[in-house]
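data.pdb follows; it contains PDB, C-alpha atoms and all ligand atoms.
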```pdb
ATOM      1  CA  MET A   1      37.221 135.560 139.104
ATOM      2  CA  LEU A   2      37.310 137.351 135.751
ATOM      3  CA  THR A   3      36.613 135.308 132.649
ATOM      4  CA  HIS A   4      38.459 135.890 129.378
ATOM      5  CA  PRO A   5      36.387 136.091 126.201
ATOM      6  CA  ARG A   6      38.588 134.846 123.340
ATOM      7  CA  GLY A   7      36.183 135.674 120.525
ATOM      8  CA  PRO A   8      35.762 139.038 118.833
ATOM      9  CA  ALA A   9      33.939 140.340 121.945
ATOM     10  CA  GLY A  10      37.066 140.161 124.086
ATOM     11  CA  ILE A  11      39.079 143.355 124.353
ATOM     12  CA  VAL A  12      42.822 143.515 123.676
ATOM     13  CA  LEU A  13      44.328 145.926 126.209
ATOM     14  CA  GLY A  14      47.619 147.500 125.147
ATOM     15  CA  VAL A  15      49.869 149.272 127.662
ATOM     16  CA  GLY A  16      52.598 151.507 126.278
ATOM     17  CA  ILE A  17      53.532 154.928 125.039
ATOM     18  CA  ALA A  18      51.995 156.963 122.254
ATOM     19  CA  THR A  19      54.149 159.397 120.345
ATOM     20  CA  VAL A  20      54.077 161.714 117.385
ATOM     21  CA  ASP A  21      56.346 160.567 114.552
ATOM     22  CA  ILE A  22      57.693 163.248 112.236
ATOM     23  CA  ILE A  23      58.821 161.385 109.146
ATOM     24  CA  HIS A  24      61.066 162.839 106.487
ATOM     25  CA  GLU A  25      61.440 160.802 103.348
ATOM     26  CA  VAL A  26      64.841 161.146 101.737
ATOM     27  CA  ALA A  27      66.195 159.758  98.461
ATOM     28  CA  ALA A  28      69.052 158.051 100.289
ATOM     29  CA  TYR A  29      70.313 158.092 103.861
ATOM     30  CA  PRO A  30      72.649 161.082 104.343
ATOM     31  CA  ALA A  31      76.255 160.889 105.484
ATOM     32  CA  GLU A  32      77.130 162.562 108.777
ATOM     33  CA  ASP A  33      77.391 166.348 108.435
ATOM     34  CA  ASP A  34      75.451 166.322 105.129
ATOM     35  CA  GLU A  35      72.664 168.771 104.484
ATOM     36  CA  ILE A  36      69.922 167.339 102.301
ATOM     37  CA  ARG A  37      66.362 168.139 101.350
ATOM     38  CA  ALA A  38      63.500 165.803 102.263
ATOM     39  CA  LEU A  39      61.198 164.639  99.460
ATOM     40  CA  ALA A  40      58.118 164.449 101.682
ATOM     41  CA  GLU A  41      57.043 165.020 105.261
ATOM     42  CA  ASP A  42      54.424 163.199 107.277
ATOM     43  CA  ARG A  43      53.244 163.482 110.885
ATOM     44  CA  ARG A  44      51.775 160.348 112.377
ATOM     45  CA  ARG A  45      50.925 158.898 115.706
ATOM     46  CA  GLY A  46      53.510 156.372 116.828
ATOM     47  CA  GLY A  47      54.222 154.121 119.787
ATOM     48  CA  ASN A  48      54.669 150.402 119.389
ATOM     49  CA  VAL A  49      51.733 149.058 121.354
ATOM     50  CA  ALA A  50      49.416 151.776 120.025
ATOM     51  CA  ASN A  51      50.510 150.759 116.504
ATOM     52  CA  SER A  52      49.741 147.119 117.205
ATOM     53  CA  LEU A  53      46.279 148.060 118.498
ATOM     54  CA  VAL A  54      45.501 150.009 115.331
ATOM     55  CA  ILE A  55      46.332 146.900 113.308
ATOM     56  CA  LEU A  56      44.348 144.599 115.616
ATOM     57  CA  SER A  57      41.432 146.956 115.221
ATOM     58  CA  GLN A  58      41.670 146.624 111.421
ATOM     59  CA  LEU A  59      41.571 142.863 111.938
ATOM     60  CA  GLY A  60      38.239 143.267 113.729
ATOM     61  CA  ARG A  61      39.413 143.163 117.347
ATOM     62  CA  ARG A  62      38.068 145.458 120.084
ATOM     63  CA  CYS A  63      41.058 147.363 121.449
ATOM     64  CA  ARG A  64      41.800 149.634 124.396
ATOM     65  CA  TRP A  65      44.976 151.652 124.892
ATOM     66  CA  VAL A  66      46.319 152.812 128.223
ATOM     67  CA  GLY A  67      49.294 155.075 128.677
ATOM     68  CA  THR A  68      50.104 158.666 129.546
ATOM     69  CA  LEU A  69      49.207 161.676 127.432
ATOM     70  CA  ALA A  70      50.487 165.245 127.655
ATOM     71  CA  ASP A  71      48.055 168.130 127.427
ATOM     72  CA  ASP A  72      49.124 169.561 124.076
ATOM     73  CA  ALA A  73      48.422 169.445 120.350
ATOM     74  CA  GLY A  74      50.466 166.243 119.995
ATOM     75  CA  ALA A  75      48.115 164.491 122.432
ATOM     76  CA  ASP A  76      45.123 165.656 120.380
ATOM     77  CA  LEU A  77      46.709 164.147 117.263
ATOM     78  CA  ILE A  78      47.235 160.859 119.128
ATOM     79  CA  LEU A  79      43.650 160.738 120.405
ATOM     80  CA  ALA A  80      42.192 161.617 117.008
ATOM     81  CA  ASP A  81      44.194 158.907 115.287
ATOM     82  CA  LEU A  82      43.312 156.192 117.785
ATOM     83  CA  ALA A  83      39.648 157.240 117.606
ATOM     84  CA  ARG A  84      39.795 156.957 113.795
ATOM     85  CA  PHE A  85      40.657 153.292 114.223
ATOM     86  CA  GLY A  86      38.096 152.754 116.985
ATOM     87  CA  VAL A  87      40.711 152.189 119.715
ATOM     88  CA  ASP A  88      39.203 153.053 123.120
ATOM     89  CA  THR A  89      41.330 155.672 124.929
ATOM     90  CA  SER A  90      39.029 156.327 127.879
ATOM     91  CA  ALA A  91      41.557 154.791 130.303
ATOM     92  CA  ALA A  92      44.441 157.039 129.166
ATOM     93  CA  VAL A  93      46.031 159.226 131.852
ATOM     94  CA  ARG A  94      46.538 162.963 131.167
ATOM     95  CA  VAL A  95      49.669 164.593 132.589
ATOM     96  CA  GLN A  96      49.785 168.388 132.947
ATOM     97  CA  ALA A  97      52.840 170.436 131.969
ATOM     98  CA  ALA A  98      54.391 167.628 129.931
ATOM     99  CA  THR A  99      55.267 167.331 126.245
ATOM    100  CA  THR A 100      54.144 164.641 123.832
ATOM    101  CA  PRO A 101      57.075 162.334 123.013
ATOM    102  CA  THR A 102      58.351 162.763 119.486
ATOM    103  CA  SER A 103      60.160 160.394 117.130
ATOM    104  CA  PHE A 104      62.095 161.980 114.276
ATOM    105  CA  VAL A 105      62.257 159.429 111.492
ATOM    106  CA  LEU A 106      64.444 159.453 108.368
ATOM    107  CA  SER A 107      62.990 157.092 105.807
ATOM    108  CA  SER A 108      65.230 156.215 102.855
ATOM    109  CA  ARG A 109      63.577 155.583  99.489
ATOM    110  CA  ALA A 110      66.728 153.861  98.230
ATOM    111  CA  SER A 111      66.708 151.115 100.863
ATOM    112  CA  GLY A 112      63.274 151.316 102.501
ATOM    113  CA  SER A 113      65.069 151.575 105.883
ATOM    114  CA  ARG A 114      64.160 154.002 108.645
ATOM    115  CA  THR A 115      66.373 155.643 111.268
ATOM    116  CA  ILE A 116      64.792 157.072 114.408
ATOM    117  CA  VAL A 117      65.726 159.705 117.000
ATOM    118  CA  HIS A 118      63.368 159.748 119.975
ATOM    119  CA  TYR A 119      62.695 162.625 122.392
ATOM    120  CA  ARG A 120      60.506 162.330 125.473
ATOM    121  CA  ASP A 121      59.594 164.463 128.457
ATOM    122  CA  LEU A 122      56.462 162.723 129.692
ATOM    123  CA  PRO A 123      56.253 160.475 132.768
ATOM    124  CA  GLU A 124      55.532 156.797 132.092
ATOM    125  CA  LEU A 125      52.310 155.202 133.262
ATOM    126  CA  ASP A 126      52.664 154.246 136.929
ATOM    127  CA  ALA A 127      51.356 151.087 138.570
ATOM    128  CA  GLU A 128      48.805 153.016 140.670
ATOM    129  CA  SER A 129      47.178 154.434 137.539
ATOM    130  CA  PHE A 130      47.129 150.979 135.984
ATOM    131  CA  ASP A 131      45.397 149.649 139.136
ATOM    132  CA  ARG A 132      42.401 151.804 138.195
ATOM    133  CA  VAL A 133      42.103 150.278 134.697
ATOM    134  CA  SER A 134      39.369 147.649 134.496
ATOM    135  CA  LEU A 135      40.438 144.134 133.544
ATOM    136  CA  ALA A 136      36.855 143.040 132.824
ATOM    137  CA  ASP A 137      36.000 141.708 129.342
ATOM    138  CA  LEU A 138      39.642 141.391 128.320
ATOM    139  CA  ALA A 139      40.861 138.680 125.971
ATOM    140  CA  TRP A 140      44.531 139.712 126.082
ATOM    141  CA  VAL A 141      46.963 142.202 127.663
ATOM    142  CA  HIS A 142      50.009 143.367 125.704
ATOM    143  CA  PHE A 143      52.831 145.343 127.369
ATOM    144  CA  GLU A 144      55.788 147.265 126.047
ATOM    145  CA  GLY A 145      59.015 146.118 127.709
ATOM    146  CA  ARG A 146      59.836 149.452 129.332
ATOM    147  CA  HIS A 147      59.768 151.121 132.753
ATOM    148  CA  PRO A 148      60.469 147.744 134.411
ATOM    149  CA  ASP A 149      59.558 148.524 138.053
ATOM    150  CA  ALA A 150      56.063 149.724 137.231
ATOM    151  CA  THR A 151      55.512 147.190 134.453
ATOM    152  CA  ARG A 152      56.478 144.319 136.794
ATOM    153  CA  ARG A 153      53.767 145.474 139.206
ATOM    154  CA  MET A 154      51.229 145.766 136.387
ATOM    155  CA  ILE A 155      52.017 142.240 135.173
ATOM    156  CA  GLU A 156      51.671 140.923 138.731
ATOM    157  CA  ARG A 157      48.317 142.648 139.117
ATOM    158  CA  VAL A 158      47.019 141.007 135.917
ATOM    159  CA  MET A 159      48.322 137.587 137.001
ATOM    160  CA  HIS A 160      46.723 137.982 140.417
ATOM    161  CA  GLU A 161      43.355 139.469 139.425
ATOM    162  CA  ALA A 162      42.863 137.725 136.082
ATOM    163  CA  PRO A 163      44.765 134.434 136.231
ATOM    164  CA  GLY A 164      44.797 132.755 132.852
ATOM    165  CA  LEU A 165      44.453 136.004 130.908
ATOM    166  CA  PRO A 166      47.154 135.847 128.209
ATOM    167  CA  ILE A 167      49.918 138.421 128.699
ATOM    168  CA  SER A 168      52.432 139.323 126.010
ATOM    169  CA  LEU A 169      55.526 141.473 126.355
ATOM    170  CA  GLU A 170      57.424 143.253 123.631
ATOM    171  CA  LEU A 171      61.226 143.253 124.040
ATOM    172  CA  GLU A 172      62.374 145.857 121.590
ATOM    173  CA  LYS A 173      65.261 147.569 123.342
ATOM    174  CA  PRO A 174      67.564 146.581 126.178
ATOM    175  CA  ARG A 175      66.688 148.399 129.417
ATOM    176  CA  THR A 176      68.088 148.127 132.917
ATOM    177  CA  GLY A 177      65.840 145.826 134.915
ATOM    178  CA  ILE A 178      64.018 144.338 131.921
ATOM    179  CA  GLU A 179      65.022 140.860 133.130
ATOM    180  CA  ASP A 180      62.479 141.336 135.929
ATOM    181  CA  LEU A 181      59.675 141.230 133.365
ATOM    182  CA  LEU A 182      60.489 137.853 131.859
ATOM    183  CA  ARG A 183      58.505 135.738 134.343
ATOM    184  CA  GLY A 184      54.756 135.865 133.862
ATOM    185  CA  PRO A 185      54.112 136.833 130.236
ATOM    186  CA  ARG A 186      53.000 133.867 128.147
ATOM    187  CA  ILE A 187      54.400 135.349 124.952
ATOM    188  CA  LEU A 188      57.666 137.272 124.548
ATOM    189  CA  MET A 189      58.102 139.218 121.307
ATOM    190  CA  ALA A 190      61.747 140.189 120.850
ATOM    191  CA  SER A 191      63.421 142.151 118.090
ATOM    192  CA  ARG A 192      66.830 141.722 116.499
ATOM    193  CA  PRO A 193      68.309 144.853 118.163
ATOM    194  CA  PHE A 194      67.302 143.410 121.546
ATOM    195  CA  ALA A 195      69.006 140.083 120.774
ATOM    196  CA  ILE A 196      72.134 141.837 119.526
ATOM    197  CA  ALA A 197      72.260 144.080 122.614
ATOM    198  CA  GLN A 198      72.154 140.921 124.716
ATOM    199  CA  GLY A 199      75.281 139.718 122.928
ATOM    200  CA  PHE A 200      73.737 137.362 120.353
ATOM    201  CA  ASP A 201      74.205 137.616 116.620
ATOM    202  CA  GLU A 202      72.336 134.393 115.897
ATOM    203  CA  ALA A 203      68.702 133.730 116.646
ATOM    204  CA  GLU A 204      68.743 130.189 118.022
ATOM    205  CA  PRO A 205      71.127 130.676 120.982
ATOM    206  CA  PHE A 206      69.284 133.867 121.885
ATOM    207  CA  LEU A 207      65.922 132.077 121.961
ATOM    208  CA  VAL A 208      67.316 129.206 124.031
ATOM    209  CA  ALA A 209      68.925 131.599 126.519
ATOM    210  CA  LEU A 210      65.757 133.674 126.848
ATOM    211  CA  ALA A 211      63.635 130.545 127.335
ATOM    212  CA  GLU A 212      65.840 129.575 130.267
ATOM    213  CA  ARG A 213      65.244 132.938 131.940
ATOM    214  CA  SER A 214      61.484 133.083 131.349
ATOM    215  CA  ASP A 215      58.424 130.874 131.593
ATOM    216  CA  ALA A 216      56.900 132.015 128.291
ATOM    217  CA  THR A 217      55.332 129.311 126.155
ATOM    218  CA  LEU A 218      56.220 131.127 122.927
ATOM    219  CA  ILE A 219      59.134 133.463 122.181
ATOM    220  CA  THR A 220      59.406 135.211 118.835
ATOM    221  CA  LEU A 221      62.310 137.127 117.345
ATOM    222  CA  THR A 222      61.766 139.334 114.307
ATOM    223  CA  TRP A 223      64.741 139.785 112.019
ATOM    224  CA  GLY A 224      63.734 142.308 109.356
ATOM    225  CA  ALA A 225      63.847 141.003 105.792
ATOM    226  CA  ARG A 226      64.986 137.576 107.060
ATOM    227  CA  GLY A 227      61.571 137.023 108.644
ATOM    228  CA  ALA A 228      60.963 135.755 112.172
ATOM    229  CA  TYR A 229      62.306 133.013 114.410
ATOM    230  CA  PHE A 230      60.348 131.405 117.197
ATOM    231  CA  LEU A 231      60.755 129.022 120.094
ATOM    232  CA  ASP A 232      57.639 127.058 120.908
ATOM    233  CA  ARG A 233      58.223 125.607 124.383
ATOM    234  CA  GLY A 234      57.737 121.902 124.299
ATOM    235  CA  GLY A 235      57.894 122.125 120.518
ATOM    236  CA  SER A 236      60.610 123.358 118.293
ATOM    237  CA  ILE A 237      62.679 126.302 117.177
ATOM    238  CA  GLY A 238      61.753 127.489 113.715
ATOM    239  CA  ARG A 239      62.087 130.298 111.218
ATOM    240  CA  VAL A 240      59.432 131.711 108.949
ATOM    241  CA  PRO A 241      61.024 133.487 105.973
ATOM    242  CA  ALA A 242      59.742 136.982 105.237
ATOM    243  CA  THR A 243      57.169 137.392 102.501
ATOM    244  CA  PRO A 244      58.381 140.523 100.732
ATOM    245  CA  PRO A 245      55.892 142.448  98.621
ATOM    246  CA  SER A 246      56.780 143.168  94.988
ATOM    247  CA  GLN A 247      58.062 146.560  96.171
ATOM    248  CA  VAL A 248      59.092 147.391  99.738
ATOM    249  CA  VAL A 249      57.679 150.878 100.302
ATOM    250  CA  ASP A 250      57.810 151.393 104.071
ATOM    251  CA  THR A 251      59.018 149.092 106.839
ATOM    252  CA  LEU A 252      58.299 151.530 109.706
ATOM    253  CA  GLY A 253      56.156 149.684 112.224
ATOM    254  CA  ALA A 254      56.611 146.250 110.615
ATOM    255  CA  GLY A 255      57.499 144.786 114.010
ATOM    256  CA  ASP A 256      54.342 146.217 115.547
ATOM    257  CA  VAL A 257      52.284 144.710 112.726
ATOM    258  CA  PHE A 258      53.995 141.374 113.337
ATOM    259  CA  ASN A 259      53.064 141.559 117.047
ATOM    260  CA  ALA A 260      49.446 142.359 116.164
ATOM    261  CA  GLY A 261      49.307 139.457 113.707
ATOM    262  CA  LEU A 262      50.712 137.116 116.336
ATOM    263  CA  ILE A 263      48.170 138.144 118.984
ATOM    264  CA  ASP A 264      45.336 137.854 116.475
ATOM    265  CA  GLY A 265      46.504 134.449 115.264
ATOM    266  CA  LEU A 266      46.816 133.057 118.789
ATOM    267  CA  LEU A 267      43.397 134.480 119.719
ATOM    268  CA  ARG A 268      42.013 132.706 116.651
ATOM    269  CA  GLY A 269      43.358 129.485 118.137
ATOM    270  CA  LEU A 270      46.177 128.971 115.632
ATOM    271  CA  SER A 271      49.153 126.869 116.700
ATOM    272  CA  ALA A 272      52.324 128.794 117.532
ATOM    273  CA  PRO A 273      54.030 128.135 114.158
ATOM    274  CA  ALA A 274      50.839 128.982 112.242
ATOM    275  CA  ALA A 275      50.384 132.210 114.219
ATOM    276  CA  VAL A 276      54.006 133.215 113.491
ATOM    277  CA  GLU A 277      53.405 132.512 109.797
ATOM    278  CA  ALA A 278      50.269 134.646 109.803
ATOM    279  CA  ALA A 279      52.178 137.443 111.562
ATOM    280  CA  VAL A 280      55.030 137.342 109.025
ATOM    281  CA  ARG A 281      52.546 137.466 106.124
ATOM    282  CA  LEU A 282      50.724 140.419 107.687
ATOM    283  CA  ALA A 283      53.995 142.312 108.330
ATOM    284  CA  GLY A 284      55.100 141.656 104.731
ATOM    285  CA  ARG A 285      51.804 143.057 103.438
ATOM    286  CA  LYS A 286      52.295 146.196 105.512
ATOM    287  CA  CYS A 287      55.709 146.794 103.891
ATOM    288  CA  ALA A 288      53.946 147.371 100.542
ATOM    289  CA  HIS A 289      52.147 150.448 101.927
ATOM    290  CA  ARG A 290      53.026 153.681 103.586
ATOM    291  CA  GLY A 291      51.648 153.814 107.123
ATOM    292  CA  LEU A 292      49.876 151.252 109.243
ATOM    293  CA  VAL A 293      47.509 149.646 106.810
ATOM    294  CA  VAL A 294      47.198 145.954 106.165
ATOM    295  CA  ARG A 295      45.299 145.850 102.889
ATOM    296  CA  PRO A 296      45.204 142.449 101.179
TER
HETATM  297  P1  LIG A 301      60.921 146.543 113.308
HETATM  298  O1  LIG A 301      59.710 147.257 112.821
HETATM  299  O2  LIG A 301      60.928 146.394 114.794
HETATM  300  O3  LIG A 301      62.194 147.058 112.768
HETATM  301  P2  LIG A 301      61.538 144.102 111.835
HETATM  302  O4  LIG A 301      62.369 144.878 110.865
HETATM  303  O5  LIG A 301      62.237 143.052 112.606
HETATM  304  O6  LIG A 301      60.724 145.041 112.827
HETATM  305  O7  LIG A 301      60.361 143.437 111.009
HETATM  306  C1  LIG A 301      59.289 142.757 111.601
HETATM  307  C2  LIG A 301      58.760 141.752 110.628
HETATM  308  O8  LIG A 301      58.323 142.449 109.458
HETATM  309  C3  LIG A 301      59.799 140.762 110.157
HETATM  310  O9  LIG A 301      59.823 139.634 111.010
HETATM  311  C4  LIG A 301      59.314 140.416 108.759
HETATM  312  O10 LIG A 301      58.355 139.393 108.838
HETATM  313  C5  LIG A 301      58.629 141.699 108.303
HETATM  314  N1  LIG A 301      59.529 142.492 107.451
HETATM  315  C6  LIG A 301      60.411 143.446 107.834
HETATM  316  N2  LIG A 301      61.089 143.941 106.770
HETATM  317  C7  LIG A 301      60.616 143.283 105.698
HETATM  318  C8  LIG A 301      60.886 143.329 104.296
HETATM  319  N3  LIG A 301      61.815 144.156 103.787
HETATM  320  N4  LIG A 301      60.173 142.492 103.489
HETATM  321  C9  LIG A 301      59.236 141.659 103.984
HETATM  322  N5  LIG A 301      58.935 141.563 105.289
HETATM  323  C10 LIG A 301      59.606 142.356 106.136
END
```

Write the structure described by the file as structure tokens, please.
Ligand code: ADP
Amino acid sequence: MLTHPRGPAGIVLGVGIATVDIIHEVAAYPAEDDEIRALAEDRRRGGNVANSLVILSQLGRRCRWVGTLADDAGADLILADLARFGVDTSAAVRVQAATTPTSFVLSSRASGSRTIVHYRDLPELDAESFDRVSLADLAWVHFEGRHPDATRRMIERVMHEAPGLPISLELEKPRTGIEDLLRGPRILMASRPFAIAQGFDEAEPFLVALAERSDATLITLTWGARGAYFLDRGGSIGRVPATPPSQVVDTLGAGDVFNAGLIDGLLRGLSAPAAVEAAVRLAGRKCAHRGLVVRP
């Protein structure tokens, strides 16, 4: 049986997509049919799990990313960025004749908000490819809640081959079949748009309903500038208010930073409420900077 190193030696494996984000900063969000000029342009690697790994790496964790990559310049940008942060990409799967997924982001200086249009023409990672990824030396496996059929099989493989290895699942967007992923992961990390799409406009009933449909021991729900809610099974439901920096510069990726902070806190042995607090603080710090940096 595989053992699970919890200390800094243990690897956090992240399974998800990697994209190129093309970010245009605008003074204020345009009205429909407007034509406006951007104040700045930036091209960055995106993808929620990949973002979380870059943060975990800055926190001193060993990280490995697995997902699909096209064979184009966008893929080179992705690999170079992950290498810059020391994230191991040796398990990534190259797909010929595909295009790197792109996210077009409008970032408003007036509000700090970001609006995203996503384009993809790249197959998702399949379960057979994931079967070839080693589970040795892992401390944690974190999945994006997408491509439910394949992800269900990946989760089952981890539970079967590495029982006891903590599994977390991000629930960012509603997807057909996502319900099939709720049994198995120890931690569910939901976002406000996911809760709203499920018909909830309040956090507590959403958390209670999700707890009934899953066996997770901790469910979190991020809610932008309001902070994060959590349900600690056997414990309580709570909210940790956001810790806004003196100036909110960029909230893009705040949820991914939160997820990284949560994984790191739990790996450090913090209690669920303390780990949520640490994650909220880390996400707040990120909002003071452009990009995925978590400077003190
Ligand atoms: P996403 O990146 O998915 O849109 P959220 O907007 O829900 O994620 O934010 C994730 C976390 O980041 C929140 O729970 C909160 O702790 C923090 N956060 C987000 N926006 C702000 C803000 N304006 N000020 C301080 N913290 C924020």

For this session: Return as number ranges by chain every polymer residue, whether protein, DNA or RNA, with at least one atom no more than 6 Å from an atom of ligand LIG 301 (chain A); count only C-alpha atoms and all ligand atoms.
Result: A: 191, 222-225, 227-228, 242-244, 248, 251-255, 258, 280, 283-284

Since we have the selection now, will you write its residues out, keeping C-alpha atoms, as a tab-separated table (two decimals), keeping the file's coordinate frame?
```tsv
chain	number	residue	atom	x	y	z
A	191	SER	CA	63.42	142.15	118.09
A	222	THR	CA	61.77	139.33	114.31
A	223	TRP	CA	64.74	139.78	112.02
A	224	GLY	CA	63.73	142.31	109.36
A	225	ALA	CA	63.85	141.00	105.79
A	227	GLY	CA	61.57	137.02	108.64
A	228	ALA	CA	60.96	135.76	112.17
A	242	ALA	CA	59.74	136.98	105.24
A	243	THR	CA	57.17	137.39	102.50
A	244	PRO	CA	58.38	140.52	100.73
A	248	VAL	CA	59.09	147.39	99.74
A	251	THR	CA	59.02	149.09	106.84
A	252	LEU	CA	58.30	151.53	109.71
A	253	GLY	CA	56.16	149.68	112.22
A	254	ALA	CA	56.61	146.25	110.62
A	255	GLY	CA	57.50	144.79	114.01
A	258	PHE	CA	54.00	141.37	113.34
A	280	VAL	CA	55.03	137.34	109.02
A	283	ALA	CA	54.00	142.31	108.33
A	284	GLY	CA	55.10	141.66	104.73
```

Centre and edge lengths of an axis-aligned box around all listed atoms of region 18-26 of chain A, with 6 Å added on each side, are to be given in Å to one decimal, as lines of an AutoDock Vina configuration file.
```
center_x = 58.4
center_y = 160.1
center_z = 112.0
size_x = 24.8
size_y = 18.3
size_z = 32.5
```

Seminar exercise, completed: Atom pair CA of Ile23 (chain A) + CA of Tyr119 (chain A), distance 13.9 Å

Problem set entry | Contacts of Thr19 (chain A) at 6 Å (all atoms listed in the file; same-chain gap of 2+ positions) as a PyMOL selection string | chain A and resi 45-47+101-102

Problem set entry | Interatomic distance (Å, one decimal) between CA of Ser246 (chain A) and CA of Ala288 (chain A) | 7.5 Å

Problem set entry | Matched chain/residue IDs from the PyMOL selection byres (((chain A and resi 165) around 7) and not hetatm), as a PyMOL selection string | chain A and resi 4+139-140+162-164+166-167

Just say which residues the PyMOL selection byres (((chain A and resi 235) around 12) and not hetatm) picks in this file, as a JSON list (two decimals) with C-alpha atoms, in the frame of the given file.
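What follows is the written file out.json:
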```json
[["chain", "number", "residue", "atom", "x", "y", "z"],
["A", 217, "THR", "CA", 55.33, 129.31, 126.16],
["A", 218, "LEU", "CA", 56.22, 131.13, 122.93],
["A", 219, "ILE", "CA", 59.13, 133.46, 122.18],
["A", 230, "PHE", "CA", 60.35, 131.40, 117.20],
["A", 231, "LEU", "CA", 60.76, 129.02, 120.09],
["A", 232, "ASP", "CA", 57.64, 127.06, 120.91],
["A", 233, "ARG", "CA", 58.22, 125.61, 124.38],
["A", 234, "GLY", "CA", 57.74, 121.90, 124.30],
["A", 236, "SER", "CA", 60.61, 123.36, 118.29],
["A", 237, "ILE", "CA", 62.68, 126.30, 117.18],
["A", 238, "GLY", "CA", 61.75, 127.49, 113.72],
["A", 271, "SER", "CA", 49.15, 126.87, 116.70],
["A", 272, "ALA", "CA", 52.32, 128.79, 117.53],
["A", 273, "PRO", "CA", 54.03, 128.14, 114.16]]
```

Exercise. How many Å lie between CA of Gly86 (chain A) and CA of Ser129 (chain A), rounded to one decimal?
Worked result: 22.5 Å

For this session: Translate the PyMOL selection byres (((chain A and resi 39) around 6) and not hetatm), as applied to the file shown, into an explicit residue set as an NGL selection string.
Result: :A and (25-26 or 38 or 40)

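For region 182-184 of chain A, the set of protein, DNA and RNA residues having any atom at most 7 Å away, when counting only C-alpha atoms and skipping those fewer than 4 positions along the same chain, is A:Arg213, A:Ser214, A:Asp215.
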
Which region 101-144 of chain A residues have any atom within 10 Å of an atom of region 53-77 of chain A, and for each, what is the nearest pair of atoms with distance in Å to one decimal, counting only C-alpha atoms, rows sorted by chain and number, as CSV?
```
residue,atom,partner,partner_atom,distance
A:Pro101,CA,A:Gly74,CA,8.3
A:Thr102,CA,A:Gly74,CA,8.6
A:Asp121,CA,A:Ala70,CA,9.2
A:Leu122,CA,A:Ala70,CA,6.8
A:Pro123,CA,A:Thr68,CA,7.2
A:Glu124,CA,A:Thr68,CA,6.3
A:Leu125,CA,A:Gly67,CA,5.5
A:Asp126,CA,A:Gly67,CA,9.0
A:Ser129,CA,A:Gly67,CA,9.1
A:Phe130,CA,A:Val66,CA,8.0
A:Val133,CA,A:Val66,CA,8.1
A:Leu138,CA,A:Cys63,CA,9.2
A:Ala139,CA,A:Arg62,CA,9.4
A:Trp140,CA,A:Cys63,CA,9.6
A:Val141,CA,A:Arg64,CA,9.6
A:His142,CA,A:Leu53,CA,9.4
A:Phe143,CA,A:Val66,CA,9.9
```

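All protein and nucleic acid residues in the vicinity of (69.6, 135.6, 125.6), that is within 10 Å when counting all atoms listed in the file, are Phe194, Ala195, Ile196, Ala197, Gln198, Gly199, Phe200, Ala203, Glu204, Pro205, Phe206, Leu207, Val208, Ala209, Leu210, Ala211, Glu212 and Arg213 of chain A.
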
Exercise. Leu181 (chain A): which residues within 8 Å, counting all atoms listed in the file, same-chain residues fewer than 3 positions away excluded, as a ChimeraX atom specification?
Worked result: /A:145,148,151-152,155,177-178,184-185

Got a sec: who's within 6 Å of Ser52 (chain A), counting only C-alpha atoms, leaving out chain neighbours fewer than 2 positions off, as a short mmCIF file (atom, residue, chain, number, x, y, z; two decimals) with C-alpha atoms, in the coordinates of the input?
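Below is the file out10.cif, written as the result:
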```cif
data_model
loop_
_atom_site.label_atom_id
_atom_site.label_comp_id
_atom_site.auth_asym_id
_atom_site.auth_seq_id
_atom_site.Cartn_x
_atom_site.Cartn_y
_atom_site.Cartn_z
CA VAL A 49 51.73 149.06 121.35
CA ALA A 50 49.42 151.78 120.02
CA VAL A 54 45.50 150.01 115.33
CA ILE A 55 46.33 146.90 113.31
CA ASP A 256 54.34 146.22 115.55
CA VAL A 257 52.28 144.71 112.73
CA ALA A 260 49.45 142.36 116.16
#
```
